[in-house]
>>> print(open('structure.txt').read())   # compact mmCIF, C-alpha atoms
# COMPACT_ATOMS: atom_id res chain seq x y z
CA MET M 111 65.93 -37.80 39.17
CA SER M 112 67.14 -40.57 36.89
CA LEU M 113 70.14 -42.69 37.72
CA LEU M 114 72.25 -41.29 34.89
CA ALA M 115 71.56 -37.73 36.02
CA GLU M 116 72.75 -38.31 39.58
CA PRO M 117 76.33 -37.70 40.73
CA THR M 118 78.36 -40.79 39.95
CA THR M 119 79.70 -42.73 42.93
CA PRO M 120 82.25 -45.56 42.57
CA SER M 121 79.54 -48.21 43.01
CA ARG M 122 77.24 -46.59 40.45
CA ARG M 123 80.11 -46.23 38.00
CA PHE M 124 80.67 -49.97 38.30
CA HIS M 125 77.02 -51.00 37.81
CA ALA M 126 75.57 -48.30 35.49
CA THR M 127 76.41 -48.08 31.82
CA ALA M 128 75.57 -44.90 29.91
CA VAL M 129 73.61 -45.39 26.71
CA PRO M 130 75.64 -44.12 23.72
CA THR M 131 74.06 -41.26 21.80
CA LEU M 132 72.97 -42.40 18.36
CA PHE M 133 71.08 -39.23 17.42
CA ASP M 134 71.52 -35.80 18.97
CA LEU M 135 68.18 -34.02 18.57
CA GLY M 136 68.38 -31.79 21.63
CA LEU M 137 69.19 -28.36 20.18
CA SER M 138 66.66 -27.87 17.34
CA GLU M 139 69.53 -27.78 14.86
CA ASN M 140 69.20 -28.00 11.11
CA PRO M 141 70.22 -31.58 10.19
CA PHE M 142 71.87 -30.44 6.96
CA PRO M 143 75.26 -28.74 6.51
CA PRO M 144 75.39 -25.20 5.12
CA LEU M 145 74.46 -24.81 1.49
CA PRO M 146 77.44 -25.39 -0.87
CA SER M 147 77.45 -21.78 -2.08
CA VAL M 148 77.55 -20.57 1.52
CA LEU M 149 80.47 -22.87 2.35
CA THR M 150 82.36 -21.55 -0.67
CA ALA M 151 81.77 -17.94 0.34
CA VAL M 152 82.87 -18.56 3.92
CA ASN M 153 86.04 -20.36 2.81
CA VAL M 154 86.95 -17.42 0.56
CA ALA M 155 86.37 -15.00 3.46
CA LEU M 156 88.62 -17.10 5.68
CA SER M 157 91.55 -16.26 3.43
CA GLN M 158 91.35 -12.75 4.92
CA ALA M 159 91.06 -13.96 8.52
CA ASN M 160 94.31 -12.21 9.42
CA ARG M 161 92.44 -8.90 9.11
CA TYR M 162 90.08 -7.49 11.71
CA PRO M 163 86.40 -7.10 10.81
CA ASP M 164 84.56 -3.76 11.16
CA PHE M 165 85.25 -2.09 14.51
CA LEU M 166 81.49 -1.76 14.84
CA PRO M 167 79.44 -3.70 12.28
CA GLU M 168 78.31 -1.69 9.30
CA GLU M 169 78.31 -4.03 6.32
CA LEU M 170 76.27 -6.87 7.86
CA PRO M 171 73.43 -4.62 9.07
CA ARG M 172 73.36 -3.04 5.60
CA VAL M 173 73.11 -6.45 3.87
CA ILE M 174 70.28 -7.55 6.15
CA ALA M 175 68.48 -4.21 5.90
CA ASP M 176 68.60 -4.30 2.09
CA HIS M 177 67.09 -7.78 2.13
CA LEU M 178 64.30 -6.78 4.51
CA GLY M 179 63.61 -3.39 2.97
CA VAL M 180 64.40 -1.38 6.09
CA SER M 181 67.05 1.17 7.02
CA PRO M 182 70.45 -0.10 8.23
CA ASP M 183 69.85 2.09 11.29
CA ASP M 184 66.97 -0.24 12.17
CA VAL M 185 69.18 -3.36 12.36
CA VAL M 186 71.46 -4.53 15.17
CA VAL M 187 73.51 -7.70 14.73
CA GLY M 188 75.20 -10.00 17.21
CA ALA M 189 76.41 -13.48 18.14
CA GLY M 190 73.25 -15.35 17.21
CA ALA M 191 69.79 -14.40 18.41
CA THR M 192 71.00 -15.19 21.93
CA GLY M 193 73.78 -12.62 21.72
CA VAL M 194 71.42 -9.95 20.43
CA ALA M 195 68.84 -10.76 23.12
CA MET M 196 71.58 -10.28 25.70
CA GLN M 197 72.33 -6.85 24.20
CA VAL M 198 68.64 -6.00 24.51
CA MET M 199 68.52 -6.95 28.18
CA ARG M 200 71.69 -5.08 29.04
CA ALA M 201 70.37 -1.99 27.26
CA LEU M 202 67.22 -2.05 29.37
CA GLY M 203 69.11 -2.26 32.66
CA GLY M 204 67.07 -4.29 35.14
CA GLY M 205 63.39 -4.62 35.92
CA GLU M 206 61.15 -7.59 35.17
CA LEU M 207 61.32 -9.87 32.15
CA LEU M 208 57.88 -11.26 31.32
CA SER M 209 57.83 -14.50 29.36
CA SER M 210 55.84 -17.69 28.92
CA THR M 211 56.97 -20.87 30.61
CA PRO M 212 58.35 -23.15 29.35
CA THR M 213 60.32 -21.08 26.88
CA PHE M 214 63.74 -20.93 25.27
CA ASP M 215 66.27 -21.88 27.94
CA GLY M 216 68.40 -18.84 27.25
CA TYR M 217 65.90 -16.30 28.51
CA PRO M 218 66.00 -17.26 32.22
CA ILE M 219 69.79 -17.53 32.06
CA MET M 220 70.25 -14.17 30.36
CA ALA M 221 67.73 -12.48 32.63
CA GLU M 222 69.80 -13.46 35.64
CA MET M 223 73.00 -12.30 33.94
CA ALA M 224 71.42 -8.94 33.10
CA GLY M 225 70.02 -8.42 36.59
CA MET M 226 66.41 -8.84 35.49
CA THR M 227 63.70 -10.64 37.44
CA LEU M 228 61.99 -13.36 35.43
CA VAL M 229 58.19 -13.39 35.61
CA PRO M 230 57.02 -16.67 34.02
CA VAL M 231 53.47 -17.03 32.71
CA PRO M 232 52.28 -20.63 32.10
CA LEU M 233 51.08 -21.66 28.66
CA ASP M 234 47.38 -22.16 28.13
CA PRO M 235 45.98 -25.73 27.89
CA ALA M 236 46.52 -25.79 24.12
CA GLY M 237 50.24 -25.07 24.49
CA ASN M 238 49.97 -21.46 23.33
CA GLN M 239 51.36 -18.41 25.04
CA ASP M 240 48.56 -17.07 27.22
CA LEU M 241 48.30 -13.51 25.95
CA PRO M 242 45.48 -12.39 28.29
CA ALA M 243 47.46 -13.66 31.29
CA MET M 244 50.60 -11.95 30.01
CA ARG M 245 48.74 -8.65 29.62
CA ARG M 246 47.49 -8.92 33.20
CA ALA M 247 51.05 -9.55 34.43
CA VAL M 248 52.36 -6.25 33.04
CA ASN M 249 53.07 -3.68 35.76
CA ARG M 250 55.29 -0.71 36.50
CA SER M 251 58.31 -3.01 36.92
CA THR M 252 57.95 -4.71 33.54
CA ALA M 253 61.05 -3.89 31.50
CA LEU M 254 60.69 -6.41 28.66
CA ILE M 255 58.09 -8.83 27.31
CA VAL M 256 59.16 -11.80 25.20
CA LEU M 257 56.85 -13.46 22.67
CA CYS M 258 58.08 -16.44 20.62
CA ARG M 259 56.48 -17.05 17.23
CA PRO M 260 56.68 -19.97 16.53
CA HIS M 261 56.88 -20.83 20.19
CA ASN M 262 59.79 -22.77 21.63
CA PRO M 263 59.36 -25.57 22.75
CA THR M 264 55.79 -26.37 21.61
CA GLY M 265 56.06 -25.15 18.01
CA THR M 266 52.66 -23.47 18.21
CA VAL M 267 51.95 -20.16 16.46
CA LEU M 268 49.96 -17.26 17.81
CA GLU M 269 47.32 -15.91 15.43
CA ALA M 270 48.44 -12.72 13.72
CA ALA M 271 45.35 -10.86 14.90
CA ALA M 272 46.01 -11.94 18.48
CA VAL M 273 49.58 -10.62 18.29
CA ARG M 274 48.40 -7.30 16.90
CA SER M 275 45.77 -6.95 19.63
CA PHE M 276 48.33 -7.81 22.27
CA LEU M 277 50.78 -5.20 21.02
CA ASP M 278 48.00 -2.60 20.92
CA ALA M 279 47.26 -3.30 24.60
CA ILE M 280 50.85 -2.95 25.82
CA PRO M 281 52.00 0.50 27.02
CA ARG M 282 54.41 2.04 24.52
CA HIS M 283 57.13 2.48 27.12
CA VAL M 284 57.33 -1.33 27.61
CA PRO M 285 59.54 -3.02 24.97
CA VAL M 286 58.28 -6.24 23.39
CA LEU M 287 60.79 -8.70 21.93
CA LEU M 288 59.15 -10.81 19.21
CA ASP M 289 61.39 -13.85 18.86
CA GLU M 290 61.08 -15.14 15.28
CA ALA M 291 63.98 -17.60 15.35
CA TYR M 292 61.93 -20.11 13.33
CA VAL M 293 60.06 -17.71 11.05
CA GLU M 294 61.44 -19.25 7.84
CA PHE M 295 59.52 -22.46 8.60
CA LEU M 296 56.21 -20.59 8.39
CA ASP M 297 54.15 -20.34 5.23
CA GLY M 298 54.06 -16.84 3.80
CA THR M 299 50.42 -16.49 4.81
CA ASP M 300 51.31 -17.15 8.46
CA ARG M 301 54.02 -14.49 8.67
CA LEU M 302 53.49 -11.11 10.28
CA ASP M 303 53.89 -7.87 8.35
CA LEU M 304 57.24 -6.68 9.72
CA HIS M 305 57.01 -3.18 8.30
CA ALA M 306 53.46 -2.53 9.47
CA LEU M 307 54.19 -3.73 12.99
CA LEU M 308 57.35 -1.66 13.35
CA HIS M 309 55.59 1.42 12.01
CA ARG M 310 52.71 1.03 14.48
CA HIS M 311 54.71 -0.07 17.55
CA PRO M 312 57.92 1.84 18.35
CA ASN M 313 58.38 -0.43 21.40
CA LEU M 314 58.62 -3.56 19.21
CA LEU M 315 61.87 -5.45 18.55
CA VAL M 316 61.90 -8.37 16.10
CA LEU M 317 64.60 -10.98 16.76
CA ARG M 318 65.82 -13.42 14.09
CA THR M 319 68.71 -15.78 13.47
CA PHE M 320 70.65 -17.62 10.77
CA SER M 321 71.09 -20.63 13.07
CA LYS M 322 67.92 -22.56 12.23
CA ALA M 323 66.60 -22.61 8.66
CA TYR M 324 69.90 -21.35 7.24
CA GLY M 325 71.87 -24.01 9.11
CA LEU M 326 74.59 -21.64 10.35
CA ALA M 327 74.31 -22.21 14.11
CA GLY M 328 78.07 -22.56 14.46
CA LEU M 329 78.72 -19.15 12.89
CA ARG M 330 76.56 -17.32 15.49
CA ILE M 331 74.73 -14.75 13.36
CA GLY M 332 71.61 -13.08 14.70
CA TYR M 333 69.92 -9.74 14.34
CA CYS M 334 67.22 -7.52 15.75
CA VAL M 335 65.04 -5.03 13.89
CA GLY M 336 63.52 -2.01 15.62
CA ARG M 337 63.14 1.73 15.30
CA GLY M 338 64.22 5.00 16.84
CA LYS M 339 65.75 5.46 20.26
CA LEU M 340 65.04 1.89 21.38
CA ILE M 341 67.14 0.22 18.68
CA GLN M 342 69.85 2.84 19.22
CA ARG M 343 70.07 1.85 22.91
CA ILE M 344 70.66 -1.73 21.82
CA ARG M 345 73.25 -0.70 19.23
CA ASP M 346 75.15 1.07 22.02
CA GLN M 347 75.79 -2.39 23.51
CA GLN M 348 77.60 -3.55 20.37
CA LEU M 349 80.89 -5.32 21.05
CA PRO M 350 83.83 -3.86 19.08
CA PHE M 351 85.22 -6.28 16.47
CA GLY M 352 82.38 -8.62 17.48
CA ILE M 353 81.08 -9.66 14.05
CA PRO M 354 83.45 -11.83 11.95
CA THR M 355 83.96 -11.10 8.27
CA THR M 356 82.76 -14.64 7.55
CA SER M 357 79.31 -13.61 8.80
CA VAL M 358 78.95 -11.04 6.04
CA ALA M 359 80.02 -13.54 3.38
CA ALA M 360 77.71 -16.23 4.75
CA VAL M 361 74.66 -13.96 4.85
CA ARG M 362 75.23 -12.62 1.35
CA ALA M 363 75.49 -16.16 -0.02
CA ALA M 364 72.52 -17.39 1.99
CA TYR M 365 70.29 -14.61 0.69
CA ALA M 366 71.40 -15.43 -2.86
CA ALA M 367 70.40 -19.09 -2.43
CA THR M 368 66.69 -18.53 -1.85
CA THR M 369 65.51 -21.49 -3.95
CA GLU M 370 67.90 -23.97 -2.33
CA LEU M 371 66.94 -22.72 1.12
CA ARG M 372 63.22 -23.08 0.39
CA ASP M 373 63.77 -26.66 -0.81
CA ARG M 374 65.53 -27.53 2.44
CA VAL M 375 62.87 -25.90 4.59
CA ASP M 376 60.15 -27.75 2.69
CA ARG M 377 61.99 -31.02 3.20
CA ILE M 378 62.31 -30.46 6.93
CA ASN M 379 58.64 -29.49 7.19
CA ARG M 380 57.58 -32.65 5.33
CA GLU M 381 59.66 -34.91 7.57
CA ARG M 382 58.29 -33.13 10.65
CA GLU M 383 54.71 -33.81 9.61
CA ILE M 384 55.39 -37.45 8.71
CA LEU M 385 56.89 -38.04 12.14
CA ARG M 386 54.17 -36.09 13.95
CA LEU M 387 51.38 -38.10 12.35
CA SER M 388 53.14 -41.40 12.99
CA LEU M 389 53.57 -40.54 16.67
CA ARG M 390 49.97 -39.41 17.01
CA ALA M 391 48.93 -42.76 15.53
CA CYS M 392 50.83 -44.33 18.44
CA GLY M 393 48.75 -42.35 20.93
CA ILE M 394 51.17 -39.51 21.66
CA ASP M 395 49.34 -36.18 21.56
CA VAL M 396 51.96 -34.24 19.58
CA PRO M 397 50.82 -30.68 18.83
CA ARG M 398 51.15 -29.34 15.33
CA SER M 399 54.51 -27.61 14.99
CA TYR M 400 55.50 -24.71 12.77
CA ALA M 401 59.23 -25.01 13.44
CA ASN M 402 62.01 -27.55 12.91
CA PHE M 403 61.16 -29.49 16.06
CA LEU M 404 58.35 -31.41 17.72
CA TYR M 405 57.16 -31.20 21.32
CA LEU M 406 56.37 -34.67 22.66
CA PRO M 407 54.19 -34.55 25.81
CA GLY M 408 55.15 -36.76 28.72
CA PRO M 409 55.27 -38.61 30.95
CA GLY M 410 57.97 -41.09 30.04
CA VAL M 411 58.84 -39.73 26.61
CA ALA M 412 62.22 -38.26 27.55
CA THR M 413 63.23 -41.45 29.36
CA ALA M 414 62.22 -43.68 26.44
CA LEU M 415 64.24 -41.58 24.02
CA ARG M 416 67.28 -41.59 26.28
CA ARG M 417 67.14 -45.35 26.63
CA ALA M 418 67.09 -45.61 22.83
CA GLY M 419 70.22 -43.46 22.51
CA ILE M 420 68.33 -40.38 21.32
CA LYS M 421 69.35 -37.11 22.93
CA ALA M 422 66.43 -34.72 23.35
CA LYS M 423 65.62 -31.58 25.28
CA ALA M 424 63.89 -33.02 28.37
CA TYR M 425 61.39 -31.29 30.65
CA PRO M 426 60.55 -32.00 34.32
CA ASP M 427 57.21 -33.66 33.51
CA GLY M 428 58.88 -36.22 31.23
CA SER M 429 58.08 -34.40 27.99
CA ALA M 430 60.72 -33.79 25.33
CA ARG M 431 61.50 -31.60 22.35
CA ILE M 432 63.29 -33.11 19.37
CA ALA M 433 64.79 -31.61 16.22
CA VAL M 434 63.35 -32.99 12.98
CA GLY M 435 64.35 -33.31 9.35
CA ASP M 436 66.53 -36.43 9.34
CA PRO M 437 64.30 -39.35 8.28
CA THR M 438 66.64 -41.94 9.82
CA ALA M 439 66.47 -40.19 13.19
CA GLY M 440 62.70 -39.85 12.79
CA ARG M 441 62.32 -43.60 12.34
CA ALA M 442 64.43 -44.17 15.45
CA VAL M 443 62.18 -41.83 17.43
CA HIS M 444 59.09 -43.67 16.23
CA THR M 445 60.58 -47.03 17.19
CA ALA M 446 61.55 -45.74 20.65
CA LEU M 447 58.06 -44.42 21.37
CA ALA M 448 55.81 -46.81 19.42
CA ASN M 449 54.73 -48.81 22.48
CA LEU M 450 54.88 -46.05 25.08
CA ARG M 451 51.12 -45.41 25.26
>>> encode(input="structure.txt", output="structure tokens")
Amino acid sequence: MSLLAEPTTPSRRFHATAVPTLFDLGLSENPFPPLPSVLTAVNVALSQANRYPDFLPEELPRVIADHLGVSPDDVVVGAGATGVAMQVMRALGGGELLSSTPTFDGYPIMAEMAGMTLVPVPLDPAGNQDLPAMRRAVNRSTALIVLCRPHNPTGTVLEAAAVRSFLDAIPRHVPVLLDEAYVEFLDGTDRLDLHALLHRHPNLLVLRTFSKAYGLAGLRIGYCVGRGKLIQRIRDQQLPFGIPTTSVAAVRAAYAATTELRDRVDRINREREILRLSLRACGIDVPRSYANFLYLPGPGVATALRRAGIKAKAYPDGSARIAVGDPTAGRAVHTALANLR
């Protein structure tokens, strides 16, 4: 454990000085503010903030469903992807949650809150989710399987054919949550066919968010797409008055700003690749990422970033995950790690 992570005693407080944070890259946030048209729409909606939103959300699921080309009955919305994932777990009521490790921090926390037992499956040597090992781990107690595509924190992407084969091998009574929080950063050719998968697999739930590419993390807008009785069980967990009117306005405006959104995503992807290649040239074996972050293998990476005033998501082996897109922050990361190897 590092000195700054230990409980502070009077003597340590006297001798140790915390490094000020110059760049906060720890939460895979979009470095840009919401698009101007989205800000305008949200500000207009705020003028009606004295009024309650829908008792149970109807308009937001309809807006999202129209955009995706599915039925509004197939869409459940919530407080970010995390809030919807929590609804999923509560709807399933216990059992085992099967997931890769490491994974999104929220899954172990929410599993404990929902009374589920976490069954972690290590990544394979390439940093991918080990689908054969996950299939072998499925048993009568498995209540939910989580796949992340792109994966958090490595940024790797499972091949579409591998995902389809995996879903075919899973018993239909076992729900699979496909976490696509970063799907907008994928090229169109790398995206899965949402409609085909949902038609073939009634146990599939697809989880998405407006927090990443859309840059609306502070508004907490997420949704899940599924079919039949499974999605209805999740809808039954919907919190009354839980979706603000601003969410509807923000999503409408975001969908209308497709060109501006694509430009921002392309810019983030370019900066990510520039930084990745520069770090690999320094000897750091950074895997190719398909999201708005990079996974930087340890040891020593997290410590070097902290000492340079760069906040990152740190892992026990000294590795780190950093958000990308801000070229100034990227140059600071390169400087901090240039002589590490």
>>> axis_aligned_box(input="structure.txt", around="stretch 193-202 of chain M", padding_each_side="3 Å", output="AutoDock Vina command-line options")
--center_x 70.5 --center_y -7.3 --center_z 24.9 --size_x 12.6 --size_y 16.6 --size_z 14.9
>>> atom_distance(input="structure.txt", atom1="atom CA of M:Thr355", atom2="atom CA of M:Val173")
12.6 Å
>>> closest_residue(input="structure.txt", among="M:Thr131, M:Thr299, M:Asn153, M:Asn140", to="M:Ile378", atoms="all atoms listed in the file")
M:Asn140
>>> closest_residue(input="structure.txt", among="M:Val335, M:Leu178, M:Ala418, M:Val358", to="M:Ala191", atoms="all atoms listed in the file")
M:Val335
>>> closest_atom_pairs(input="structure.txt", of="stretch 238-305 of chain M", to="stretch 425-443 of chain M", cutoff="10 Å", atoms="only C-alpha atoms", output="Markdown table")
| residue | atom | partner | partner_atom | distance |
| --- | --- | --- | --- | --- |
| M:Asn262 | CA | M:Arg431 | CA | 9.0 |
| M:Pro263 | CA | M:Arg431 | CA | 6.4 |
| M:Thr264 | CA | M:Arg431 | CA | 7.8 |
| M:Gly265 | CA | M:Arg431 | CA | 9.5 |
>>> residues_near_point(input="structure.txt", point="(57.1, -12.9, 24.9)", cutoff="7 Å", atoms="only C-alpha atoms", output="compact mmCIF listing (two decimals) with C-alpha atoms, keeping the file's coordinate frame")
# COMPACT_ATOMS: atom_id res chain seq x y z
CA LEU M 208 57.88 -11.26 31.32
CA SER M 209 57.83 -14.50 29.36
CA SER M 210 55.84 -17.69 28.92
CA ILE M 255 58.09 -8.83 27.31
CA VAL M 256 59.16 -11.80 25.20
CA LEU M 257 56.85 -13.46 22.67
CA CYS M 258 58.08 -16.44 20.62
CA VAL M 286 58.28 -6.24 23.39
CA LEU M 287 60.79 -8.70 21.93
CA LEU M 288 59.15 -10.81 19.21
>>> residues_around(input="structure.txt", residues="stretch 317-322 of chain M", least_positions_apart="5", cutoff="7 Å", atoms="all atoms listed in the file", output="list of chain:residue names")
M:Glu139, M:Asn140, M:Gly190, M:Ala191, M:Leu287, M:Leu288, M:Asp289, M:Glu290, M:Ala291, M:Tyr292, M:Ala327, M:Arg330, M:Ile331, M:Gly332, M:Tyr333, M:Cys334, M:Val335
>>> decode(input="structure.txt", residues="stretch 140-152 of chain M", atoms="N, CA, C and O atoms", output="PDB file, in the first residue's frame")
ATOM      1  N   ASN M 140     -16.103  11.485 -20.947  1.00  0.00           N
ATOM      2  CA  ASN M 140     -15.905  12.250 -22.163  1.00  0.00           C
ATOM      3  C   ASN M 140     -15.251  13.580 -21.772  1.00  0.00           C
ATOM      4  O   ASN M 140     -15.742  14.261 -20.868  1.00  0.00           O
ATOM      5  N   PRO M 141     -14.141  13.970 -22.411  1.00  0.00           N
ATOM      6  CA  PRO M 141     -13.477  15.211 -21.987  1.00  0.00           C
ATOM      7  C   PRO M 141     -14.203  16.474 -22.422  1.00  0.00           C
ATOM      8  O   PRO M 141     -13.849  17.569 -21.978  1.00  0.00           O
ATOM      9  N   PHE M 142     -15.212  16.333 -23.290  1.00  0.00           N
ATOM     10  CA  PHE M 142     -15.909  17.498 -23.827  1.00  0.00           C
ATOM     11  C   PHE M 142     -17.251  17.701 -23.132  1.00  0.00           C
ATOM     12  O   PHE M 142     -17.900  16.742 -22.723  1.00  0.00           O
ATOM     13  N   PRO M 143     -17.701  18.944 -23.025  1.00  0.00           N
ATOM     14  CA  PRO M 143     -19.031  19.212 -22.456  1.00  0.00           C
ATOM     15  C   PRO M 143     -20.110  18.734 -23.411  1.00  0.00           C
ATOM     16  O   PRO M 143     -19.830  18.415 -24.580  1.00  0.00           O
ATOM     17  N   PRO M 144     -21.355  18.669 -22.959  1.00  0.00           N
ATOM     18  CA  PRO M 144     -22.435  18.279 -23.869  1.00  0.00           C
ATOM     19  C   PRO M 144     -22.481  19.167 -25.101  1.00  0.00           C
ATOM     20  O   PRO M 144     -22.086  20.334 -25.064  1.00  0.00           O
ATOM     21  N   LEU M 145     -22.979  18.609 -26.181  1.00  0.00           N
ATOM     22  CA  LEU M 145     -23.113  19.373 -27.413  1.00  0.00           C
ATOM     23  C   LEU M 145     -23.991  20.605 -27.176  1.00  0.00           C
ATOM     24  O   LEU M 145     -24.924  20.557 -26.366  1.00  0.00           O
ATOM     25  N   PRO M 146     -23.716  21.732 -27.854  1.00  0.00           N
ATOM     26  CA  PRO M 146     -24.488  22.959 -27.621  1.00  0.00           C
ATOM     27  C   PRO M 146     -25.995  22.772 -27.772  1.00  0.00           C
ATOM     28  O   PRO M 146     -26.775  23.315 -26.977  1.00  0.00           O
ATOM     29  N   SER M 147     -26.427  22.014 -28.770  1.00  0.00           N
ATOM     30  CA  SER M 147     -27.860  21.813 -28.958  1.00  0.00           C
ATOM     31  C   SER M 147     -28.475  21.033 -27.805  1.00  0.00           C
ATOM     32  O   SER M 147     -29.633  21.261 -27.433  1.00  0.00           O
ATOM     33  N   VAL M 148     -27.695  20.134 -27.211  1.00  0.00           N
ATOM     34  CA  VAL M 148     -28.185  19.375 -26.065  1.00  0.00           C
ATOM     35  C   VAL M 148     -28.303  20.284 -24.848  1.00  0.00           C
ATOM     36  O   VAL M 148     -29.297  20.233 -24.107  1.00  0.00           O
ATOM     37  N   LEU M 149     -27.312  21.131 -24.639  1.00  0.00           N
ATOM     38  CA  LEU M 149     -27.374  22.075 -23.517  1.00  0.00           C
ATOM     39  C   LEU M 149     -28.591  22.989 -23.639  1.00  0.00           C
ATOM     40  O   LEU M 149     -29.278  23.261 -22.648  1.00  0.00           O
ATOM     41  N   THR M 150     -28.854  23.460 -24.849  1.00  0.00           N
ATOM     42  CA  THR M 150     -30.017  24.329 -25.062  1.00  0.00           C
ATOM     43  C   THR M 150     -31.303  23.604 -24.719  1.00  0.00           C
ATOM     44  O   THR M 150     -32.184  24.137 -24.021  1.00  0.00           O
ATOM     45  N   ALA M 151     -31.437  22.369 -25.179  1.00  0.00           N
ATOM     46  CA  ALA M 151     -32.649  21.587 -24.920  1.00  0.00           C
ATOM     47  C   ALA M 151     -32.847  21.324 -23.438  1.00  0.00           C
ATOM     48  O   ALA M 151     -33.965  21.413 -22.916  1.00  0.00           O
ATOM     49  N   VAL M 152     -31.762  21.021 -22.739  1.00  0.00           N
ATOM     50  CA  VAL M 152     -31.860  20.749 -21.303  1.00  0.00           C
ATOM     51  C   VAL M 152     -32.247  22.015 -20.554  1.00  0.00           C
ATOM     52  O   VAL M 152     -33.082  21.984 -19.626  1.00  0.00           O
TER      53      VAL M 152
END
